[in-house]
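Q: Please read through the structure below; I'll follow up with questions.
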Amino acid sequence: MDLADKVVVITGAASGIGEAMARRFAKESPAALVLADIDMERLEPVAEGAEAHPRKLDVADPEGTHALIDETEDRFGPVDLYCANAGYGKVGDEQTDFEEWDRMWRVNLMSHVYAANRLIPGWVARGEGYFLSTASAAGLLTNLKAAPYSVTKHAVVAFAEWLAVTYGDAGVKVSCLCPQFVNTPLLTESDAFRAIGGDNVLEPWEVADDVVEGLRGESFLILPHPEVGNYFQNKANDYDRWIGGMRKLQRTVFGS
Ligand SMILES: NC(=O)c1ccc[n+]([C@@H]2O[C@H](COP(=O)([O-])OP(=O)(O)OC[C@H]3O[C@@H](n4cnc5c(N)ncnc54)[C@H](O)[C@@H]3O)[C@@H](O)[C@H]2O)c1
């Protein structure tokens, strides 16, 4: 997909990868760029810089998500590309509060389902439409010390691949962005995530460049860290060996 003259929505656009995508997409002359985030204070200046339309949205709210898409389509015409990017990650395990597990399911995964629920019938009728899911390398591999994050991101990959399989013949395109470590508050504000990332950290603008290329090529997986593709293959080739390697990495990084 070429972004020129397209109606594009990006969630989680106030910071990090979403912000970088907004700024990068703006250079491709979209017809309209609608930016959504729960944090309006940070979203307003991003929207101004990208000549975009800011909207407040908690992506965990299905009615709010549908209203955002309704408003966008009333004002600018059918959505061509929906970037389900908003998400968050933190350390957690099976002892984490169930409320926190529920919240992460809704923000990281159900937000994609709410958007697809509204968009897919129209896209199938039109014979076109593009869904970009921001998952994570954690959705193909795992994220040490972060069970809710890893599990919900696996589900994001699963939903994206299901959409691609189910609606590909109807003209719907799907890409799944799976970065590893990116220099955003999600990474930098967590000691554990920073420790795992080490020096292997990309800047958000580098990821945004890869997204524009990935959309142009309409490839399912967008891997800003190409080595993630090799790790994913290693995992499929020998699961037990891969788990052993991850346990070793955990001992190296955290000593336990
Ligand atoms: N930073 C990384 O290393 C990394 C790696 C892989 C995947 N990701 C994924 O990239 C996406 C963007 O993360 P980021 O690294 O840019 O983090 P970030 O914290 O810089 O940006 C996330 C944005 O999402 C918004 N947001 C959070 N919850 C929301 C909600 N309920 N409704 C609406 N907006 C909400 C935040 O306000 C923020 O502006 C996430 O889905 C994240 O899981 C990040």
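Following the order of the structure tokens, chains are lettered A, B, ..., residues in each are numbered from 1, and ligands are numbered from 1.
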Determine, for each residue of range 26-75 of chain A having at least one atom at most 12 Å from an atom of range 80-86 of chain A, the closest pair of atoms and their separation in Å to one decimal, counting only C-alpha atoms; order by chain and ascending number, as a Markdown table.

A:
```
| residue | atom | partner | partner_atom | distance |
| --- | --- | --- | --- | --- |
| A:Pro30 | CA | A:Asp80 | CA | 10.1 |
| A:Ala31 | CA | A:Asp80 | CA | 10.0 |
| A:Ala32 | CA | A:Asp80 | CA | 10.0 |
| A:Leu33 | CA | A:Leu81 | CA | 9.7 |
| A:Val34 | CA | A:Tyr82 | CA | 9.6 |
| A:Leu35 | CA | A:Cys83 | CA | 9.7 |
| A:Ala36 | CA | A:Ala86 | CA | 8.7 |
| A:Asp37 | CA | A:Ala86 | CA | 7.5 |
| A:Ile38 | CA | A:Ala86 | CA | 9.1 |
| A:Asp39 | CA | A:Ala86 | CA | 11.1 |
| A:Leu57 | CA | A:Ala86 | CA | 10.1 |
| A:Asp58 | CA | A:Ala86 | CA | 9.1 |
| A:Val59 | CA | A:Ala86 | CA | 7.3 |
| A:Ala60 | CA | A:Ala86 | CA | 9.8 |
| A:Thr65 | CA | A:Ala84 | CA | 10.7 |
| A:Leu68 | CA | A:Tyr82 | CA | 11.3 |
| A:Ile69 | CA | A:Tyr82 | CA | 9.3 |
| A:Thr72 | CA | A:Asp80 | CA | 10.8 |
| A:Glu73 | CA | A:Asp80 | CA | 9.9 |
```

Q: At a cut-off of 6 Å and counting only C-alpha atoms and all ligand atoms, what residues surround ligand 1? Please answer as an MDAnalysis selection string.

A: chainID A and resid 12:18 37:39 57:60 85:89 107 134:136 178:187

Q: Could you save those same residues with C-alpha atoms as an mmCIF file, in the first residue's frame?

A:
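Okay, result18.cif is ready:
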```cif
data_model
loop_
_atom_site.group_PDB
_atom_site.id
_atom_site.type_symbol
_atom_site.label_atom_id
_atom_site.label_comp_id
_atom_site.auth_asym_id
_atom_site.auth_seq_id
_atom_site.Cartn_x
_atom_site.Cartn_y
_atom_site.Cartn_z
ATOM 1 C CA GLY A 12 -1.271 5.111 20.571
ATOM 2 C CA ALA A 13 0.052 7.985 18.480
ATOM 3 C CA ALA A 14 1.082 10.295 21.341
ATOM 4 C CA SER A 15 4.404 8.583 22.003
ATOM 5 C CA GLY A 16 7.040 6.166 20.783
ATOM 6 C CA ILE A 17 6.358 4.013 17.743
ATOM 7 C CA GLY A 18 2.871 5.471 17.102
ATOM 8 C CA ASP A 37 -4.531 8.194 22.221
ATOM 9 C CA ILE A 38 -5.682 8.211 25.832
ATOM 10 C CA ASP A 39 -3.163 10.992 26.566
ATOM 11 C CA LEU A 57 -9.677 7.258 22.861
ATOM 12 C CA ASP A 58 -9.200 4.500 25.386
ATOM 13 C CA VAL A 59 -8.708 1.561 23.028
ATOM 14 C CA ALA A 60 -10.110 -0.760 25.706
ATOM 15 C CA ASN A 85 -0.683 0.269 17.783
ATOM 16 C CA ALA A 86 -1.651 1.354 21.312
ATOM 17 C CA GLY A 87 -0.432 -1.049 23.939
ATOM 18 C CA TYR A 88 1.563 -1.294 27.099
ATOM 19 C CA GLY A 89 3.905 -3.718 28.763
ATOM 20 C CA VAL A 107 -5.730 -2.857 25.752
ATOM 21 C CA THR A 134 1.544 -3.721 16.392
ATOM 22 C CA ALA A 135 2.437 -6.941 18.165
ATOM 23 C CA SER A 136 6.001 -7.502 19.341
ATOM 24 C CA CYS A 178 6.994 -7.346 15.634
ATOM 25 C CA PRO A 179 9.841 -5.159 16.861
ATOM 26 C CA GLN A 180 12.154 -6.294 19.615
ATOM 27 C CA PHE A 181 13.574 -3.376 21.620
ATOM 28 C CA VAL A 182 12.686 0.216 20.705
ATOM 29 C CA ASN A 183 13.749 3.353 22.526
ATOM 30 C CA THR A 184 10.371 4.440 23.915
ATOM 31 C CA PRO A 185 9.002 4.969 27.455
ATOM 32 C CA LEU A 186 7.633 1.399 27.392
ATOM 33 C CA LEU A 187 11.237 0.187 27.351
#
```

Q: Near Arg251 in chain A, within 12 Å and counting only C-alpha atoms, which residues show up once chain neighbours fewer than 6 positions away are dropped, as a PyMOL selection string?

A: chain A and resi 144-145+196+244-245

Q: Can you list, as a list in words, every protein, DNA or RNA residue that comes within 12 Å of Trp105 in chain A when you count only C-alpha atoms, leaving out same-chain residues fewer than 5 positions away?

A: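 Using only C-alpha atoms, the neighbours found are Val59, Ala60, Gly87, Tyr88, Gly89, Phe98, Glu99, Glu100, Met110, Ser111, His112, Val113, Ala147, Pro148, Tyr149, Ser150, Val151, Thr152, Lys153, His154, Ala155 and Val156 of chain A.
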
Q: Could you turn the residues from that selection into a file that holds N, CA, C and O atoms, as a PDB file, in the first residue's frame?

A:
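Saved file selection17.pdb follows:
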```pdb
ATOM      1  N   VAL A  59      -8.476   2.653  23.986  1.00  0.00           N
ATOM      2  CA  VAL A  59      -8.708   1.561  23.028  1.00  0.00           C
ATOM      3  C   VAL A  59      -9.373   0.346  23.677  1.00  0.00           C
ATOM      4  O   VAL A  59      -9.830  -0.558  22.976  1.00  0.00           O
ATOM      5  N   ALA A  60      -9.423   0.338  25.013  1.00  0.00           N
ATOM      6  CA  ALA A  60     -10.110  -0.760  25.706  1.00  0.00           C
ATOM      7  C   ALA A  60     -11.625  -0.565  25.696  1.00  0.00           C
ATOM      8  O   ALA A  60     -12.354  -1.402  26.239  1.00  0.00           O
ATOM      9  N   GLY A  87      -0.652   0.126  23.105  1.00  0.00           N
ATOM     10  CA  GLY A  87      -0.432  -1.049  23.939  1.00  0.00           C
ATOM     11  C   GLY A  87       0.498  -0.671  25.061  1.00  0.00           C
ATOM     12  O   GLY A  87       1.090   0.411  25.052  1.00  0.00           O
ATOM     13  N   TYR A  88       0.601  -1.550  26.031  1.00  0.00           N
ATOM     14  CA  TYR A  88       1.563  -1.294  27.099  1.00  0.00           C
ATOM     15  C   TYR A  88       2.121  -2.623  27.594  1.00  0.00           C
ATOM     16  O   TYR A  88       1.554  -3.697  27.331  1.00  0.00           O
ATOM     17  N   GLY A  89       3.263  -2.513  28.267  1.00  0.00           N
ATOM     18  CA  GLY A  89       3.905  -3.718  28.763  1.00  0.00           C
ATOM     19  C   GLY A  89       4.523  -3.440  30.106  1.00  0.00           C
ATOM     20  O   GLY A  89       4.923  -2.303  30.396  1.00  0.00           O
ATOM     21  N   PHE A  98      -5.393 -10.193  38.849  1.00  0.00           N
ATOM     22  CA  PHE A  98      -6.206 -10.579  37.690  1.00  0.00           C
ATOM     23  C   PHE A  98      -6.765  -9.353  36.977  1.00  0.00           C
ATOM     24  O   PHE A  98      -6.981  -9.379  35.767  1.00  0.00           O
ATOM     25  N   GLU A  99      -7.005  -8.261  37.742  1.00  0.00           N
ATOM     26  CA  GLU A  99      -7.508  -7.030  37.096  1.00  0.00           C
ATOM     27  C   GLU A  99      -6.471  -6.522  36.085  1.00  0.00           C
ATOM     28  O   GLU A  99      -6.831  -6.029  35.018  1.00  0.00           O
ATOM     29  N   GLU A 100      -5.202  -6.649  36.457  1.00  0.00           N
ATOM     30  CA  GLU A 100      -4.142  -6.192  35.552  1.00  0.00           C
ATOM     31  C   GLU A 100      -4.078  -7.093  34.315  1.00  0.00           C
ATOM     32  O   GLU A 100      -3.911  -6.603  33.191  1.00  0.00           O
ATOM     33  N   MET A 110      -7.930  -6.994  22.792  1.00  0.00           N
ATOM     34  CA  MET A 110      -9.328  -6.765  22.431  1.00  0.00           C
ATOM     35  C   MET A 110      -9.505  -5.476  21.636  1.00  0.00           C
ATOM     36  O   MET A 110     -10.419  -5.370  20.812  1.00  0.00           O
ATOM     37  N   SER A 111      -8.619  -4.509  21.849  1.00  0.00           N
ATOM     38  CA  SER A 111      -8.667  -3.272  21.051  1.00  0.00           C
ATOM     39  C   SER A 111      -8.612  -3.599  19.557  1.00  0.00           C
ATOM     40  O   SER A 111      -9.279  -2.946  18.747  1.00  0.00           O
ATOM     41  N   HIS A 112      -7.838  -4.615  19.182  1.00  0.00           N
ATOM     42  CA  HIS A 112      -7.736  -5.002  17.767  1.00  0.00           C
ATOM     43  C   HIS A 112      -9.052  -5.643  17.318  1.00  0.00           C
ATOM     44  O   HIS A 112      -9.515  -5.414  16.201  1.00  0.00           O
ATOM     45  N   VAL A 113      -9.639  -6.450  18.203  1.00  0.00           N
ATOM     46  CA  VAL A 113     -10.904  -7.115  17.873  1.00  0.00           C
ATOM     47  C   VAL A 113     -12.019  -6.063  17.715  1.00  0.00           C
ATOM     48  O   VAL A 113     -12.811  -6.122  16.765  1.00  0.00           O
ATOM     49  N   ALA A 147       4.900 -12.125  31.731  1.00  0.00           N
ATOM     50  CA  ALA A 147       3.932 -13.115  31.232  1.00  0.00           C
ATOM     51  C   ALA A 147       2.705 -12.465  30.583  1.00  0.00           C
ATOM     52  O   ALA A 147       2.359 -12.816  29.450  1.00  0.00           O
ATOM     53  N   PRO A 148       2.004 -11.506  31.241  1.00  0.00           N
ATOM     54  CA  PRO A 148       0.808 -10.942  30.585  1.00  0.00           C
ATOM     55  C   PRO A 148       1.152 -10.291  29.248  1.00  0.00           C
ATOM     56  O   PRO A 148       0.399 -10.410  28.276  1.00  0.00           O
ATOM     57  N   TYR A 149       2.293  -9.626  29.191  1.00  0.00           N
ATOM     58  CA  TYR A 149       2.698  -8.970  27.939  1.00  0.00           C
ATOM     59  C   TYR A 149       2.952 -10.018  26.854  1.00  0.00           C
ATOM     60  O   TYR A 149       2.437  -9.907  25.739  1.00  0.00           O
ATOM     61  N   SER A 150       3.740 -11.049  27.181  1.00  0.00           N
ATOM     62  CA  SER A 150       4.068 -12.078  26.185  1.00  0.00           C
ATOM     63  C   SER A 150       2.815 -12.775  25.680  1.00  0.00           C
ATOM     64  O   SER A 150       2.645 -12.984  24.475  1.00  0.00           O
ATOM     65  N   VAL A 151       1.945 -13.111  26.613  1.00  0.00           N
ATOM     66  CA  VAL A 151       0.751 -13.880  26.248  1.00  0.00           C
ATOM     67  C   VAL A 151      -0.199 -13.040  25.394  1.00  0.00           C
ATOM     68  O   VAL A 151      -0.726 -13.508  24.381  1.00  0.00           O
ATOM     69  N   THR A 152      -0.409 -11.781  25.788  1.00  0.00           N
ATOM     70  CA  THR A 152      -1.329 -10.950  24.996  1.00  0.00           C
ATOM     71  C   THR A 152      -0.726 -10.643  23.618  1.00  0.00           C
ATOM     72  O   THR A 152      -1.459 -10.567  22.630  1.00  0.00           O
ATOM     73  N   LYS A 153       0.581 -10.508  23.548  1.00  0.00           N
ATOM     74  CA  LYS A 153       1.192 -10.233  22.237  1.00  0.00           C
ATOM     75  C   LYS A 153       1.163 -11.459  21.340  1.00  0.00           C
ATOM     76  O   LYS A 153       1.035 -11.347  20.124  1.00  0.00           O
ATOM     77  N   HIS A 154       1.275 -12.672  21.921  1.00  0.00           N
ATOM     78  CA  HIS A 154       1.052 -13.883  21.119  1.00  0.00           C
ATOM     79  C   HIS A 154      -0.349 -13.856  20.536  1.00  0.00           C
ATOM     80  O   HIS A 154      -0.566 -14.224  19.372  1.00  0.00           O
ATOM     81  N   ALA A 155      -1.309 -13.429  21.352  1.00  0.00           N
ATOM     82  CA  ALA A 155      -2.701 -13.383  20.888  1.00  0.00           C
ATOM     83  C   ALA A 155      -2.864 -12.347  19.775  1.00  0.00           C
ATOM     84  O   ALA A 155      -3.651 -12.561  18.839  1.00  0.00           O
ATOM     85  N   VAL A 156      -2.134 -11.250  19.859  1.00  0.00           N
ATOM     86  CA  VAL A 156      -2.197 -10.235  18.793  1.00  0.00           C
ATOM     87  C   VAL A 156      -1.704 -10.840  17.473  1.00  0.00           C
ATOM     88  O   VAL A 156      -2.330 -10.664  16.418  1.00  0.00           O
TER      89      VAL A 156
END
```

Q: Could you pull out all residues of range 1-46 of chain A with a DSSP call of helix (DSSP H, G or I) and give them as a ChimeraX atom specification?

A: /A:16-26,40-46

Q: Would you save the residues of that selection, restricted to N, CA and C atoms, as a PDB file, in the first residue's frame?

A:
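The resulting file, result01.pdb, is shown below:
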```
ATOM      1  N   GLY A  16       6.314   7.342  21.269  1.00  0.00           N
ATOM      2  CA  GLY A  16       7.040   6.166  20.783  1.00  0.00           C
ATOM      3  C   GLY A  16       6.801   5.809  19.328  1.00  0.00           C
ATOM      4  N   ILE A  17       6.488   4.546  19.109  1.00  0.00           N
ATOM      5  CA  ILE A  17       6.358   4.013  17.743  1.00  0.00           C
ATOM      6  C   ILE A  17       5.171   4.670  17.022  1.00  0.00           C
ATOM      7  N   GLY A  18       4.043   4.851  17.727  1.00  0.00           N
ATOM      8  CA  GLY A  18       2.871   5.471  17.102  1.00  0.00           C
ATOM      9  C   GLY A  18       3.161   6.904  16.691  1.00  0.00           C
ATOM     10  N   GLU A  19       3.840   7.634  17.553  1.00  0.00           N
ATOM     11  CA  GLU A  19       4.221   9.016  17.220  1.00  0.00           C
ATOM     12  C   GLU A  19       5.134   9.027  15.995  1.00  0.00           C
ATOM     13  N   ALA A  20       6.120   8.134  15.988  1.00  0.00           N
ATOM     14  CA  ALA A  20       7.067   8.088  14.857  1.00  0.00           C
ATOM     15  C   ALA A  20       6.335   7.715  13.569  1.00  0.00           C
ATOM     16  N   MET A  21       5.388   6.796  13.653  1.00  0.00           N
ATOM     17  CA  MET A  21       4.628   6.432  12.451  1.00  0.00           C
ATOM     18  C   MET A  21       3.833   7.639  11.962  1.00  0.00           C
ATOM     19  N   ALA A  22       3.217   8.380  12.904  1.00  0.00           N
ATOM     20  CA  ALA A  22       2.424   9.555  12.506  1.00  0.00           C
ATOM     21  C   ALA A  22       3.306  10.553  11.753  1.00  0.00           C
ATOM     22  N   ARG A  23       4.465  10.836  12.327  1.00  0.00           N
ATOM     23  CA  ARG A  23       5.357  11.829  11.691  1.00  0.00           C
ATOM     24  C   ARG A  23       5.857  11.337  10.330  1.00  0.00           C
ATOM     25  N   ARG A  24       6.152  10.040  10.249  1.00  0.00           N
ATOM     26  CA  ARG A  24       6.666   9.465   8.987  1.00  0.00           C
ATOM     27  C   ARG A  24       5.560   9.379   7.936  1.00  0.00           C
ATOM     28  N   PHE A  25       4.370   8.918   8.356  1.00  0.00           N
ATOM     29  CA  PHE A  25       3.248   8.789   7.413  1.00  0.00           C
ATOM     30  C   PHE A  25       2.876  10.153   6.835  1.00  0.00           C
ATOM     31  N   ALA A  26       2.993  11.206   7.651  1.00  0.00           N
ATOM     32  CA  ALA A  26       2.607  12.552   7.200  1.00  0.00           C
ATOM     33  C   ALA A  26       3.387  12.949   5.946  1.00  0.00           C
ATOM     34  N   MET A  40      -4.218  13.067  25.769  1.00  0.00           N
ATOM     35  CA  MET A  40      -4.393  14.174  24.822  1.00  0.00           C
ATOM     36  C   MET A  40      -3.293  15.214  24.937  1.00  0.00           C
ATOM     37  N   GLU A  41      -2.770  15.393  26.158  1.00  0.00           N
ATOM     38  CA  GLU A  41      -1.734  16.408  26.351  1.00  0.00           C
ATOM     39  C   GLU A  41      -0.520  16.133  25.462  1.00  0.00           C
ATOM     40  N   ARG A  42      -0.157  14.846  25.358  1.00  0.00           N
ATOM     41  CA  ARG A  42       0.988  14.484  24.516  1.00  0.00           C
ATOM     42  C   ARG A  42       0.589  14.330  23.051  1.00  0.00           C
ATOM     43  N   LEU A  43      -0.696  14.051  22.808  1.00  0.00           N
ATOM     44  CA  LEU A  43      -1.120  13.814  21.417  1.00  0.00           C
ATOM     45  C   LEU A  43      -1.216  15.113  20.614  1.00  0.00           C
ATOM     46  N   GLU A  44      -1.697  16.197  21.287  1.00  0.00           N
ATOM     47  CA  GLU A  44      -1.946  17.459  20.548  1.00  0.00           C
ATOM     48  C   GLU A  44      -0.713  17.929  19.766  1.00  0.00           C
ATOM     49  N   PRO A  45       0.476  18.043  20.405  1.00  0.00           N
ATOM     50  CA  PRO A  45       1.635  18.521  19.631  1.00  0.00           C
ATOM     51  C   PRO A  45       2.058  17.581  18.510  1.00  0.00           C
ATOM     52  N   VAL A  46       1.863  16.280  18.701  1.00  0.00           N
ATOM     53  CA  VAL A  46       2.197  15.326  17.630  1.00  0.00           C
ATOM     54  C   VAL A  46       1.275  15.576  16.438  1.00  0.00           C
TER      55      VAL A  46
END
```

Q: Mind checking which residues fall within 8 Å of Lys173 in chain A, counting only C-alpha atoms, ignoring those fewer than 6 positions away in the same chain, and posting them as a ChimeraX atom specification?

A: /A:128-131,164,167,218

Q: Just the selected residues (C-alpha atoms), exported as a PDB file, in the first residue's frame, please.

A:
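Output below, filename again35.pdb:
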```
ATOM      1  CA  GLU A 128     -10.046  -3.557   0.204  1.00  0.00           C
ATOM      2  CA  GLY A 129      -8.737  -2.329   3.532  1.00  0.00           C
ATOM      3  CA  TYR A 130      -5.510  -2.683   5.495  1.00  0.00           C
ATOM      4  CA  PHE A 131      -5.064  -3.632   9.161  1.00  0.00           C
ATOM      5  CA  ALA A 164      -4.984 -12.435   7.005  1.00  0.00           C
ATOM      6  CA  TYR A 167     -10.149 -12.191   4.631  1.00  0.00           C
ATOM      7  CA  GLU A 218       2.357  -5.709   1.862  1.00  0.00           C
TER       8      GLU A 218
END
```

Q: Would you kindly return, as a VMD selection string, each protein, DNA or RNA residue with an atom no farther than 10 Å from any atom of Ile222 in chain A, considering only C-alpha atoms and excluding same-chain residues fewer than 3 positions away?

A: chain A and resid 132 to 136 175 to 179 207 210 to 215 217 to 219 225 to 226 229

Q: Take the residues from that selection and write them out as a compact mmCIF listing (two decimals), in the first residue's frame, keeping all heavy atoms.

A:
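Saved file result-v7.txt follows:
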```
# COMPACT_ATOMS: atom_id res chain seq x y z
N LEU A 132 -3.04 -2.90 10.25
CA LEU A 132 -1.67 -3.07 10.76
C LEU A 132 -1.74 -3.29 12.27
O LEU A 132 -2.19 -2.41 13.01
CB LEU A 132 -0.83 -1.81 10.47
CG LEU A 132 0.56 -1.82 11.11
CD1 LEU A 132 1.50 -2.80 10.42
CD2 LEU A 132 1.19 -0.41 11.08
N SER A 133 -1.29 -4.45 12.70
CA SER A 133 -1.27 -4.77 14.13
C SER A 133 0.13 -4.54 14.67
O SER A 133 1.08 -5.13 14.14
CB SER A 133 -1.53 -6.27 14.37
OG SER A 133 -2.80 -6.62 14.02
N THR A 134 0.25 -3.75 15.71
CA THR A 134 1.54 -3.72 16.39
C THR A 134 1.52 -4.82 17.45
O THR A 134 0.83 -4.71 18.46
CB THR A 134 1.83 -2.37 17.06
OG1 THR A 134 1.77 -1.33 16.06
CG2 THR A 134 3.23 -2.35 17.68
N ALA A 135 2.25 -5.88 17.16
CA ALA A 135 2.44 -6.94 18.16
C ALA A 135 3.78 -6.68 18.81
O ALA A 135 4.02 -5.59 19.36
CB ALA A 135 2.35 -8.31 17.51
N SER A 136 4.68 -7.63 18.73
CA SER A 136 6.00 -7.50 19.34
C SER A 136 6.76 -8.78 19.05
O SER A 136 6.15 -9.84 18.80
CB SER A 136 5.86 -7.34 20.86
OG SER A 136 7.11 -7.50 21.50
N SER A 175 -0.81 -6.61 8.12
CA SER A 175 0.60 -6.73 8.49
C SER A 175 0.70 -6.74 10.00
O SER A 175 -0.11 -6.13 10.70
CB SER A 175 1.42 -5.55 7.94
OG SER A 175 1.57 -5.64 6.54
N CYS A 176 1.73 -7.42 10.47
CA CYS A 176 1.93 -7.58 11.91
C CYS A 176 3.36 -7.12 12.23
O CYS A 176 4.32 -7.75 11.80
CB CYS A 176 1.72 -9.05 12.25
SG CYS A 176 1.74 -9.38 14.00
N LEU A 177 3.42 -6.02 12.95
CA LEU A 177 4.71 -5.41 13.28
C LEU A 177 5.25 -6.04 14.56
O LEU A 177 4.58 -5.98 15.60
CB LEU A 177 4.49 -3.89 13.45
CG LEU A 177 5.66 -3.07 13.98
CD1 LEU A 177 6.85 -3.11 13.02
CD2 LEU A 177 5.20 -1.61 14.20
N CYS A 178 6.42 -6.63 14.47
CA CYS A 178 6.99 -7.35 15.63
C CYS A 178 8.41 -6.85 15.94
O CYS A 178 9.39 -7.58 15.72
CB CYS A 178 7.02 -8.85 15.38
SG CYS A 178 5.38 -9.60 15.30
N PRO A 179 8.51 -5.64 16.49
CA PRO A 179 9.84 -5.16 16.86
C PRO A 179 10.33 -5.85 18.13
O PRO A 179 9.52 -6.40 18.89
CB PRO A 179 9.63 -3.66 17.15
CG PRO A 179 8.18 -3.40 17.04
CD PRO A 179 7.46 -4.68 16.87
N VAL A 207 11.93 2.28 13.14
CA VAL A 207 10.80 1.35 13.03
C VAL A 207 9.75 1.92 12.07
O VAL A 207 9.20 1.19 11.23
CB VAL A 207 10.19 1.09 14.43
CG1 VAL A 207 8.93 0.23 14.32
CG2 VAL A 207 11.21 0.44 15.35
N ASP A 210 10.68 1.28 8.57
CA ASP A 210 10.44 -0.13 8.21
C ASP A 210 8.95 -0.39 7.99
O ASP A 210 8.58 -1.22 7.15
CB ASP A 210 10.96 -1.06 9.32
CG ASP A 210 12.48 -1.08 9.37
OD1 ASP A 210 13.11 -0.80 8.33
OD2 ASP A 210 13.04 -1.35 10.44
N VAL A 211 8.10 0.30 8.75
CA VAL A 211 6.65 0.12 8.58
C VAL A 211 6.24 0.61 7.19
O VAL A 211 5.49 -0.08 6.48
CB VAL A 211 5.86 0.85 9.69
CG1 VAL A 211 4.37 0.90 9.35
CG2 VAL A 211 6.07 0.16 11.03
N VAL A 212 6.71 1.79 6.79
CA VAL A 212 6.34 2.32 5.47
C VAL A 212 6.78 1.34 4.38
O VAL A 212 6.02 1.04 3.45
CB VAL A 212 6.93 3.73 5.26
CG1 VAL A 212 6.74 4.20 3.82
CG2 VAL A 212 6.27 4.71 6.23
N GLU A 213 7.99 0.80 4.52
CA GLU A 213 8.48 -0.19 3.55
C GLU A 213 7.64 -1.46 3.58
O GLU A 213 7.28 -2.02 2.54
CB GLU A 213 9.95 -0.56 3.84
CG GLU A 213 10.94 0.41 3.27
CD GLU A 213 10.64 0.73 1.80
OE1 GLU A 213 10.59 -0.19 0.97
OE2 GLU A 213 10.42 1.92 1.50
N GLY A 214 7.34 -1.92 4.80
CA GLY A 214 6.54 -3.15 4.96
C GLY A 214 5.16 -3.00 4.36
O GLY A 214 4.64 -3.92 3.72
N LEU A 215 4.55 -1.82 4.56
CA LEU A 215 3.21 -1.59 3.99
C LEU A 215 3.30 -1.56 2.46
O LEU A 215 2.44 -2.10 1.77
CB LEU A 215 2.64 -0.26 4.50
CG LEU A 215 2.28 -0.20 5.99
CD1 LEU A 215 1.90 1.22 6.39
CD2 LEU A 215 1.14 -1.16 6.34
N GLY A 217 5.38 -3.14 0.63
CA GLY A 217 5.56 -4.52 0.16
C GLY A 217 4.41 -5.43 0.54
O GLY A 217 4.34 -6.58 0.09
N GLU A 218 3.52 -4.93 1.41
CA GLU A 218 2.36 -5.71 1.86
C GLU A 218 2.75 -7.07 2.42
O GLU A 218 2.08 -8.08 2.20
CB GLU A 218 1.31 -5.83 0.74
CG GLU A 218 0.83 -4.45 0.30
CD GLU A 218 -0.29 -4.47 -0.73
OE1 GLU A 218 -0.57 -5.53 -1.29
OE2 GLU A 218 -0.89 -3.39 -0.95
N SER A 219 3.87 -7.08 3.16
CA SER A 219 4.30 -8.34 3.77
C SER A 219 3.60 -8.50 5.11
O SER A 219 3.34 -7.52 5.81
CB SER A 219 5.82 -8.35 3.96
OG SER A 219 6.24 -7.15 4.54
N HIS A 225 13.87 -5.73 13.58
CA HIS A 225 15.10 -6.47 13.96
C HIS A 225 15.05 -7.78 13.18
O HIS A 225 14.37 -8.72 13.60
CB HIS A 225 15.13 -6.80 15.45
CG HIS A 225 15.04 -5.62 16.37
ND1 HIS A 225 13.86 -4.95 16.62
CD2 HIS A 225 15.98 -5.01 17.12
CE1 HIS A 225 14.09 -3.97 17.48
NE2 HIS A 225 15.36 -3.98 17.80
N PRO A 226 15.78 -7.89 12.05
CA PRO A 226 15.65 -9.08 11.19
C PRO A 226 16.03 -10.37 11.93
O PRO A 226 15.52 -11.44 11.60
CB PRO A 226 16.63 -8.82 10.05
CG PRO A 226 17.05 -7.40 10.17
CD PRO A 226 16.73 -6.90 11.53
N GLY A 229 13.45 -12.96 13.02
CA GLY A 229 13.02 -14.02 12.09
C GLY A 229 13.84 -15.28 12.29
O GLY A 229 13.29 -16.40 12.25
```

Q: Would you please extract all strand (DSSP E or B) residues from range 14-219 of chain A, as assigned by DSSP on the backbone, and give them as an MDAnalysis selection string?

A: chainID A and resid 32:37 53:56 81:84 92 129:134 146 172:177 181:182 201:202

Q: Find the residues around Gly127 in chain A up to 8 Å (only C-alpha atoms counted), leave out those fewer than 5 positions away in its own chain, and share them as an mmCIF file with N, CA and C atoms, in the first residue's frame.

A:
```cif
data_model
loop_
_atom_site.group_PDB
_atom_site.id
_atom_site.type_symbol
_atom_site.label_atom_id
_atom_site.label_comp_id
_atom_site.auth_asym_id
_atom_site.auth_seq_id
_atom_site.Cartn_x
_atom_site.Cartn_y
_atom_site.Cartn_z
ATOM 1 N N ALA A 170 -10.724 -11.811 0.184
ATOM 2 C CA ALA A 170 -11.720 -10.741 -0.003
ATOM 3 C C ALA A 170 -11.036 -9.386 -0.234
ATOM 4 N N GLY A 171 -9.710 -9.374 -0.278
ATOM 5 C CA GLY A 171 -8.984 -8.137 -0.575
ATOM 6 C C GLY A 171 -8.458 -7.400 0.642
ATOM 7 N N VAL A 172 -8.672 -7.969 1.842
ATOM 8 C CA VAL A 172 -8.180 -7.305 3.066
ATOM 9 C C VAL A 172 -6.716 -7.683 3.290
#
```

Q: Would you mind reading off the distance between CA of Leu3 in chain A and CA of Pro224 in chain A, one decimal, in Å?

A: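 These two atoms are separated by 19.2 Å.
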
Q: Could you state the separation of CA of Ala137 in chain A and CA of Thr252 in chain A in Å, given to one decimal place?

A: 19.7 Å

Q: Considering only C-alpha atoms, can you say which of A:Asp61, A:Asp5, A:Asp240, A:Asp169 comes closest to Lys27 in chain A?

A: A:Asp5

Q: Kindly indicate which residue among A:Leu109, A:Leu202, A:Glu48, A:Lys56 lies nearest to Ala160 in chain A, using only C-alpha atoms for the distances.

A: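 The answer is A:Leu109, which sits nearest to Ala160 in chain A.
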